[in-house]
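Asker: Sharing a structure with you now.
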Amino acid sequence: MKINSVSVQGFRNLDEQTIEFAPLLNVICGKNAQGKTNLLEAIYFATIGKSPRTRKDLEAIGFGKKNAKIVLCYERGGVEHCLEIELAQSLGKTVRVDGNQNVKLVDIVGLFGSVYFSPEELKLAQGAPNARRRFVDIINCQISKNYMHDLQVFQRLLNQRNSLLKNRSAKIKQELEVWDFSLARACARVGKARLEFSKRLEEFAKQAHFNLSDNKETLSIGYHSIYEGQDDFEQFYLENAKKNFEKDLALGYSTFGLQNDDYVFKLNGLDLRKNCSQGQQRTATLALKLAELEILKQEYGEYPVLLLDDVLSELDKDRRTKLAKYFKDIQCLLTCTDFDLDLDCKIFEVENGVVMAK
Ligand SMILES: Nc1ncnc2c1ncn2[C@@H]1O[C@H](COP(=O)(O)OP(=O)(O)O)[C@@H](O)[C@H]1O
Ligand SMILES: [Mg+2]
């Protein structure tokens, strides 16, 4: 896949402009706070229909403006497509694909593929479980509409269950029984897909980490799920939801479910989060992102676009050289403050929201 151009209007600090990219490496240079990350954010927005930086997407509308618009023209299978996303303070998000307005936001997921990697992503190795679940969920949503649907149903039902618990009506026990049937089903489907996916992720991430660590370290991924060792996921959920009823009611939220799942990464058997160095955590994070790249390639039939935000300076020379191998086959948009790799590329300079080709 490759981006031919992106047009932005009213998006964060970016001026209204159209930027044309080269088919392979594009280097976007600039001082701090000029708009480099904002540009990659706009592009990633078109991948998942939301921002990688904030849950409140409308915050991406430029200060004092009412609307923002992103128009991404990309090539897939040699055919050019145009994806438009409009953010409006009044209407929220609307999308258009190849001029067609009858498209829902969820429909754009899986059309244009990109992998976003920034220093923040270190939270995959160091952070709370939700960062790891989100990573896996975003990949799965891109490769399976069913997964995206099940996940949305699960989240909606869980929110509703929690508000029932908080509001405690007289008939709460009966009400929950009805919810829990549907919740058990959605929960089981998502849980099953995550279990299967963790093996696939491990296969690719293990290979990538092995290469990055000069064949010294073996990365393994364990999915710590409520369903571990269970046969009947739905039944298991229902039993536990019942068992935890009094506790849930006292606390005002659901204590049992997929919301507690986590992935445990290990290097040569040592817990990445607790027992490995920051350097190893960086390498493993990069390996996970490269695994994402390979999995999406398998699904899309071609590589997605690689968005590297300020990551080169964090990698040592050896890792950088290994990463640079990808620049020969994949379109990559890379931001930095100084660029010192000797590679063929198109260079841009960003200053105060204006992106100029050099
Ligand atoms: N909604 C917004 N409207 C206008 N400017 C914004 C908005 N959100 C962030 N900014 C500005 O964008 C700039 C940061 O841009 P960013 O892309 O993160 O910089 P960098 O070039 O360092 O990656 C800051 O000056 C910030 O004030
Ligand atoms: Mg930045």
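Following the order of the structure tokens, chains are lettered A, B, ..., residues in each are numbered from 1, and ligands are numbered from 1.
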Set the cut-off to 8 Å, count only C-alpha atoms and all ligand atoms, and list whatever residues fall near ligand 2 as a VMD selection string.
Answerer: chain A and resid 32 to 33 35 to 38 309 to 310 335
Asker: Using only N, CA and C atoms, please write the residues we just selected to a file, as a compact mmCIF listing (two decimals), in the first residue's frame.
Answerer:
```txt
# COMPACT_ATOMS: atom_id res chain seq x y z
N ASN A 32 10.93 20.75 17.56
CA ASN A 32 9.81 20.28 18.39
C ASN A 32 8.57 21.15 18.21
N ALA A 33 7.43 20.51 18.39
CA ALA A 33 6.13 21.20 18.40
C ALA A 33 5.80 21.94 17.11
N GLY A 35 4.49 20.14 14.28
CA GLY A 35 3.35 19.48 13.62
C GLY A 35 3.70 18.15 12.98
N LYS A 36 4.87 17.59 13.28
CA LYS A 36 5.28 16.30 12.67
C LYS A 36 4.36 15.17 13.13
N THR A 37 4.19 15.08 14.44
CA THR A 37 3.31 14.03 14.98
C THR A 37 1.87 14.25 14.52
N ASN A 38 1.45 15.51 14.46
CA ASN A 38 0.09 15.81 14.00
C ASN A 38 -0.17 15.26 12.60
N ASP A 309 7.28 7.59 14.19
CA ASP A 309 7.30 8.91 14.78
C ASP A 309 8.42 9.03 15.81
N ASP A 310 9.51 9.69 15.40
CA ASP A 310 10.57 9.99 16.36
C ASP A 310 11.21 8.77 17.01
N THR A 335 9.44 10.60 11.01
CA THR A 335 9.70 11.96 11.51
C THR A 335 10.94 11.95 12.40
```
Asker: Find the residues near ligand 1. Use a cut-off of 9 Å, count only C-alpha atoms and all ligand atoms, and write them as a PDB file with C-alpha atoms, in the first residue's frame.
Answerer:
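What landed in selection-v1.pdb:
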```pdb
ATOM      1  CA  GLY A  10      -8.222  22.496  10.301  1.00  0.00           C
ATOM      2  CA  PHE A  11      -6.433  19.496  11.764  1.00  0.00           C
ATOM      3  CA  ARG A  12      -4.556  20.507  14.954  1.00  0.00           C
ATOM      4  CA  ASN A  13      -1.868  23.075  14.117  1.00  0.00           C
ATOM      5  CA  LEU A  14      -1.526  22.008  10.463  1.00  0.00           C
ATOM      6  CA  CYS A  29      12.168  16.821   9.735  1.00  0.00           C
ATOM      7  CA  GLY A  30      11.478  19.713  12.038  1.00  0.00           C
ATOM      8  CA  LYS A  31      12.045  21.198  15.455  1.00  0.00           C
ATOM      9  CA  ASN A  32       9.812  20.285  18.390  1.00  0.00           C
ATOM     10  CA  ALA A  33       6.131  21.203  18.403  1.00  0.00           C
ATOM     11  CA  GLN A  34       5.972  22.064  14.681  1.00  0.00           C
ATOM     12  CA  GLY A  35       3.352  19.482  13.619  1.00  0.00           C
ATOM     13  CA  LYS A  36       5.276  16.301  12.675  1.00  0.00           C
ATOM     14  CA  THR A  37       3.311  14.030  14.977  1.00  0.00           C
ATOM     15  CA  ASN A  38       0.090  15.807  14.003  1.00  0.00           C
ATOM     16  CA  LEU A  39       0.691  14.845  10.377  1.00  0.00           C
ATOM     17  CA  LEU A  40       1.192  11.148  11.189  1.00  0.00           C
ATOM     18  CA  GLU A  41      -1.813  11.293  13.495  1.00  0.00           C
ATOM     19  CA  LEU A  58     -12.728  16.137  18.342  1.00  0.00           C
ATOM     20  CA  GLU A  59      -9.766  17.549  20.261  1.00  0.00           C
ATOM     21  CA  ALA A  60      -7.886  17.158  16.997  1.00  0.00           C
ATOM     22  CA  ILE A  61      -9.882  20.018  15.485  1.00  0.00           C
ATOM     23  CA  GLY A  62      -7.641  23.102  15.352  1.00  0.00           C
ATOM     24  CA  PHE A  63      -8.040  25.501  18.274  1.00  0.00           C
ATOM     25  CA  GLY A  64     -10.906  27.893  17.634  1.00  0.00           C
ATOM     26  CA  LYS A  65     -12.109  25.983  14.527  1.00  0.00           C
ATOM     27  CA  ASP A 309       7.300   8.913  14.781  1.00  0.00           C
ATOM     28  CA  ASP A 310      10.573   9.994  16.363  1.00  0.00           C
ATOM     29  CA  THR A 335       9.697  11.957  11.512  1.00  0.00           C
ATOM     30  CA  CYS A 336      12.834  13.181  13.262  1.00  0.00           C
ATOM     31  CA  THR A 337      14.649  16.249  14.494  1.00  0.00           C
ATOM     32  CA  VAL A 350       7.812  21.100   8.969  1.00  0.00           C
ATOM     33  CA  GLU A 351       7.627  24.555  10.442  1.00  0.00           C
ATOM     34  CA  ASN A 352       4.713  25.964  12.369  1.00  0.00           C
ATOM     35  CA  GLY A 353       2.190  23.607  10.771  1.00  0.00           C
TER      36      GLY A 353
END
```
Asker: From the list A:Ile221, A:Ala42, A:Leu183, A:Leu72, which residue is nearest Arg132 of chain A when using only C-alpha atoms?
Answerer: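 Closest to Arg132 of chain A, using only C-alpha atoms: A:Ile221.
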Asker: Point out the residue among A:Val95, A:Leu87, A:Leu315, A:Leu201 with the least atom-to-atom distance to Arg282 of chain A, counting only C-alpha atoms.
Answerer: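 For Arg282 of chain A, the nearest of the given residues is A:Leu315.
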Asker: Just checking: using only C-alpha atoms, which residue out of A:Leu176, A:Val97, A:Lys69, A:Pro52 ends up closest to Ala131 of chain A?
Answerer: A:Pro52
Asker: Which of these residues is nearest to Asp316 of chain A, using only C-alpha atoms: A:Ser213, A:Ser220, A:Gln230, A:Gln331?
Answerer: A:Ser213
Asker: To one decimal in Å, tell me the separation between atom CA of Glu228 of chain A and atom CA of Arg194 of chain A.
Answerer: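 Atom CA of Glu228 of chain A sits 11.5 Å away from atom CA of Arg194 of chain A.
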Asker: Quick check for you: according to DSSP on this backbone, which residues of segment 289-349 of chain A are classed as strand (DSSP E or B)? Reply as a list in words.
Answerer: Val305, Leu306, Leu307, Leu308, Asp309, Cys332, Leu333, Leu334, Thr335, Cys336, Lys346, Ile347, Phe348 and Glu349 of chain A
Asker: For the selection you just gave me, I'd like the residues written to a file as a tab-separated table (two decimals), in the first residue's frame, keeping N, CA and C atoms.
Answerer:
```tsv
chain	number	residue	atom	x	y	z
A	305	VAL	N	1.49	0.90	5.19
A	305	VAL	CA	2.46	1.99	5.27
A	305	VAL	C	3.01	2.05	6.70
A	306	LEU	N	4.30	2.30	6.79
A	306	LEU	CA	4.94	2.35	8.11
A	306	LEU	C	5.09	3.81	8.54
A	307	LEU	N	4.51	4.13	9.70
A	307	LEU	CA	4.60	5.49	10.22
A	307	LEU	C	5.50	5.48	11.45
A	308	LEU	N	6.68	6.04	11.32
A	308	LEU	CA	7.65	6.01	12.42
A	308	LEU	C	7.81	7.40	12.99
A	309	ASP	N	7.28	7.59	14.19
A	309	ASP	CA	7.30	8.91	14.78
A	309	ASP	C	8.42	9.03	15.81
A	332	CYS	N	7.43	4.38	3.82
A	332	CYS	CA	7.61	4.73	5.21
A	332	CYS	C	7.61	6.25	5.37
A	333	LEU	N	6.89	6.73	6.36
A	333	LEU	CA	6.91	8.16	6.71
A	333	LEU	C	7.57	8.24	8.07
A	334	LEU	N	8.69	8.92	8.09
A	334	LEU	CA	9.50	8.89	9.30
A	334	LEU	C	9.75	10.31	9.78
A	335	THR	N	9.44	10.60	11.01
A	335	THR	CA	9.70	11.96	11.51
A	335	THR	C	10.94	11.95	12.40
A	336	CYS	N	11.64	13.08	12.42
A	336	CYS	CA	12.83	13.18	13.26
A	336	CYS	C	13.23	14.64	13.42
A	346	LYS	N	12.68	11.13	0.12
A	346	LYS	CA	12.15	12.47	-0.10
A	346	LYS	C	12.13	13.16	1.26
A	347	ILE	N	12.66	14.38	1.31
A	347	ILE	CA	12.76	15.07	2.60
A	347	ILE	C	11.76	16.23	2.68
A	348	PHE	N	11.12	16.33	3.83
A	348	PHE	CA	10.19	17.44	4.10
A	348	PHE	C	10.67	18.17	5.33
A	349	GLU	N	10.33	19.44	5.37
A	349	GLU	CA	10.63	20.24	6.56
A	349	GLU	C	9.29	20.78	7.10
```
Asker: Could you check the closest approach to Ser7 of chain A for each of A:Ala208, A:Val136, A:Ala46, A:Leu111 and tell me which residue wins, using only C-alpha atoms?
Answerer: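 Smallest separation from Ser7 of chain A among the options: A:Ala46.
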Asker: Work out how far apart atom CA of Ser163 of chain A and atom CA of Leu249 of chain A are and give it in Å to one decimal.
Answerer: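 According to the coordinates, atom CA of Ser163 of chain A and atom CA of Leu249 of chain A are separated by 10.5 Å.
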Asker: Rank A:Phe45, A:Tyr74, A:Phe197, A:Phe135 by their smallest atom-to-atom distance to Val109 of chain A, using only C-alpha atoms, and report the top residue only.
Answerer: A:Phe45
Asker: As an exercise, work out the distance from atom CA of Leu293 of chain A to atom CA of Gln142 of chain A in Å and give it to one decimal place.
Answerer: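 Atom CA of Gln142 of chain A lies at a distance of 11.9 Å from atom CA of Leu293 of chain A.
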Asker: Name the residues in contact with Leu258 of chain A at a cut-off of 8 Å, using only C-alpha atoms, excluding same-chain residues fewer than 5 positions from it; report them as a list of chain:residue names.
Answerer: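 Non-adjacent residues within range: A:Cys187, A:Gly191, A:Ser225, A:Ile226.
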Asker: Save out the residues we just selected, C-alpha atoms, as a PDB file, in the first residue's frame.
Answerer:
```pdb
ATOM      1  CA  CYS A 187     -17.160 -12.241  25.689  1.00  0.00           C
ATOM      2  CA  GLY A 191     -11.817 -14.295  24.113  1.00  0.00           C
ATOM      3  CA  SER A 225      -7.214 -14.984  29.944  1.00  0.00           C
ATOM      4  CA  ILE A 226     -10.096 -15.848  32.234  1.00  0.00           C
TER       5      ILE A 226
END
```
Asker: For the structure I just gave you, how does DSSP split segment 124-323 of chain A - specifically, which residues are helix (DSSP H, G or I)? Reply as JSON, numbers by chain.
Answerer: {"A": [124, 125, 126, 129, 130, 131, 132, 133, 134, 135, 136, 137, 138, 139, 140, 141, 142, 143, 145, 146, 147, 148, 149, 150, 151, 152, 153, 154, 155, 156, 157, 158, 159, 160, 161, 162, 163, 164, 165, 166, 167, 172, 173, 174, 175, 176, 177, 178, 179, 180, 181, 182, 183, 184, 185, 186, 187, 188, 189, 190, 191, 192, 193, 194, 195, 196, 197, 198, 199, 200, 201, 202, 203, 204, 205, 206, 207, 208, 209, 210, 211, 212, 233, 234, 235, 236, 237, 238, 239, 240, 241, 242, 243, 245, 246, 247, 248, 249, 250, 251, 258, 259, 260, 272, 273, 274, 275, 278, 279, 280, 281, 282, 283, 284, 285, 286, 287, 288, 289, 290, 291, 292, 293, 294, 295, 296, 297, 298, 299, 300, 312, 313, 314, 317, 318, 319, 320, 321, 322, 323]}
Asker: Would you put the residues from that selection into a file with C-alpha atoms, as a compact mmCIF listing (two decimals), in the first residue's frame?
Answerer:
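Listed below is the output, again28.txt:
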```txt
# COMPACT_ATOMS: atom_id res chain seq x y z
CA LEU A 124 3.35 -2.12 25.34
CA ALA A 125 6.29 -3.45 27.32
CA GLN A 126 6.07 -1.30 30.44
CA PRO A 129 -2.69 -4.29 30.50
CA ASN A 130 -5.10 -2.08 28.56
CA ALA A 131 -2.24 -0.87 26.31
CA ARG A 132 -1.53 -4.47 25.30
CA ARG A 133 -5.18 -5.35 24.80
CA ARG A 134 -5.64 -2.24 22.68
CA PHE A 135 -2.66 -3.20 20.50
CA VAL A 136 -4.13 -6.63 19.82
CA ASP A 137 -7.67 -5.30 19.39
CA ILE A 138 -6.61 -2.73 16.79
CA ILE A 139 -4.88 -5.38 14.67
CA ASN A 140 -7.79 -7.79 14.99
CA CYS A 141 -10.35 -5.13 14.09
CA GLN A 142 -8.41 -4.45 10.90
CA ILE A 143 -8.36 -8.08 9.89
CA LYS A 145 -15.15 -7.35 10.78
CA ASN A 146 -16.63 -10.04 13.02
CA TYR A 147 -14.06 -9.32 15.69
CA MET A 148 -14.74 -5.61 15.52
CA HIS A 149 -18.45 -6.23 15.83
CA ASP A 150 -18.08 -8.66 18.76
CA LEU A 151 -15.73 -6.29 20.55
CA GLN A 152 -18.13 -3.38 20.16
CA VAL A 153 -21.03 -5.48 21.43
CA PHE A 154 -18.94 -6.67 24.36
CA GLN A 155 -17.90 -3.13 25.31
CA ARG A 156 -21.42 -1.78 24.98
CA LEU A 157 -22.95 -4.55 27.07
CA LEU A 158 -20.23 -4.26 29.69
CA ASN A 159 -20.85 -0.51 30.01
CA GLN A 160 -24.58 -1.14 30.33
CA ARG A 161 -24.00 -3.87 32.92
CA ASN A 162 -21.80 -1.48 34.90
CA SER A 163 -24.36 1.28 34.88
CA LEU A 164 -27.04 -1.17 36.02
CA LEU A 165 -24.78 -2.14 38.90
CA LYS A 166 -24.22 1.47 39.78
CA ASN A 167 -27.90 2.41 39.62
CA ILE A 172 -31.29 -5.82 39.25
CA LYS A 173 -30.70 -9.54 39.64
CA GLN A 174 -33.28 -10.43 36.99
CA GLU A 175 -32.12 -7.63 34.73
CA LEU A 176 -28.53 -8.82 34.86
CA GLU A 177 -29.49 -12.36 33.99
CA VAL A 178 -30.83 -11.11 30.68
CA TRP A 179 -27.74 -9.01 29.95
CA ASP A 180 -25.39 -11.74 30.96
CA PHE A 181 -26.56 -14.15 28.26
CA SER A 182 -25.60 -11.73 25.51
CA LEU A 183 -22.50 -10.60 27.32
CA ALA A 184 -21.36 -14.20 27.79
CA ARG A 185 -21.66 -14.78 24.05
CA ALA A 186 -19.76 -11.64 23.00
CA CYS A 187 -17.16 -12.24 25.69
CA ALA A 188 -16.60 -15.83 24.52
CA ARG A 189 -16.14 -14.82 20.90
CA VAL A 190 -13.66 -12.07 21.65
CA GLY A 191 -11.82 -14.30 24.11
CA LYS A 192 -11.53 -17.12 21.60
CA ALA A 193 -10.24 -14.82 18.86
CA ARG A 194 -7.69 -13.29 21.23
CA LEU A 195 -6.43 -16.72 22.27
CA GLU A 196 -5.94 -17.74 18.66
CA PHE A 197 -4.38 -14.44 17.74
CA SER A 198 -1.80 -14.53 20.53
CA LYS A 199 -0.22 -17.59 18.91
CA ARG A 200 -0.06 -15.88 15.55
CA LEU A 201 1.42 -12.74 17.08
CA GLU A 202 3.99 -14.80 18.94
CA GLU A 203 5.12 -16.55 15.79
CA PHE A 204 5.91 -13.27 14.02
CA ALA A 205 7.18 -11.32 17.02
CA LYS A 206 9.49 -14.15 18.04
CA GLN A 207 11.11 -14.15 14.61
CA ALA A 208 11.48 -10.36 14.56
CA HIS A 209 12.93 -10.22 18.06
CA PHE A 210 15.34 -13.06 17.31
CA ASN A 211 16.67 -11.11 14.31
CA LEU A 212 16.87 -7.82 16.18
CA PHE A 233 -16.50 -20.17 27.54
CA GLU A 234 -20.13 -19.02 27.68
CA GLN A 235 -21.07 -21.28 30.53
CA PHE A 236 -17.93 -20.35 32.42
CA TYR A 237 -18.74 -16.67 32.07
CA LEU A 238 -22.33 -17.13 33.25
CA GLU A 239 -21.29 -19.12 36.32
CA ASN A 240 -18.72 -16.54 37.34
CA ALA A 241 -20.95 -13.57 36.67
CA LYS A 242 -23.44 -15.14 39.07
CA LYS A 243 -20.78 -15.98 41.64
CA PHE A 245 -22.90 -10.75 41.79
CA GLU A 246 -22.76 -9.53 45.42
CA LYS A 247 -19.21 -8.28 45.02
CA ASP A 248 -20.04 -6.49 41.75
CA LEU A 249 -23.05 -4.87 43.35
CA ALA A 250 -21.02 -3.65 46.32
CA LEU A 251 -18.32 -2.21 44.07
CA LEU A 258 -12.21 -9.96 29.52
CA GLN A 259 -11.52 -6.52 30.95
CA ASN A 260 -8.94 -8.22 33.18
CA LEU A 272 9.75 -8.36 29.92
CA ARG A 273 7.95 -5.85 32.14
CA LYS A 274 9.59 -6.79 35.44
CA ASN A 275 12.94 -8.38 34.70
CA GLN A 278 14.81 -0.77 28.95
CA GLY A 279 16.92 -1.61 25.89
CA GLN A 280 15.38 -5.07 25.72
CA GLN A 281 11.91 -3.58 26.19
CA ARG A 282 12.55 -1.22 23.28
CA THR A 283 13.69 -4.06 21.05
CA ALA A 284 10.70 -6.20 21.98
CA THR A 285 8.33 -3.31 21.31
CA LEU A 286 9.87 -2.86 17.88
CA ALA A 287 9.54 -6.61 17.30
CA LEU A 288 5.83 -6.44 18.17
CA LYS A 289 5.33 -3.59 15.72
CA LEU A 290 7.19 -5.48 12.99
CA ALA A 291 4.97 -8.47 13.75
CA GLU A 292 1.95 -6.21 13.26
CA LEU A 293 3.42 -5.15 9.92
CA GLU A 294 3.86 -8.76 8.75
CA ILE A 295 0.43 -9.88 9.94
CA LEU A 296 -1.25 -6.98 8.15
CA LYS A 297 0.79 -7.77 5.04
CA GLN A 298 -0.57 -11.32 5.12
CA GLU A 299 -4.10 -10.02 5.43
CA TYR A 300 -3.96 -7.16 2.94
CA LEU A 312 15.16 6.42 15.18
CA SER A 313 16.96 8.46 17.82
CA GLU A 314 15.90 5.91 20.43
CA LYS A 317 22.91 1.92 15.26
CA ASP A 318 22.54 -1.82 14.80
CA ARG A 319 18.73 -1.81 15.33
CA ARG A 320 18.42 1.22 13.07
CA THR A 321 20.23 -0.56 10.27
CA LYS A 322 17.98 -3.57 10.72
CA LEU A 323 14.88 -1.39 10.61
```
Asker: Set the distance at 10 Å and use only C-alpha atoms: which residues neighbour segment 75-82 of chain A once local chain neighbours fewer than 5 positions away are removed? I'd like the list as a VMD selection string.
Answerer: chain A and resid 1 to 6 96 to 100 111 to 113 300 to 304
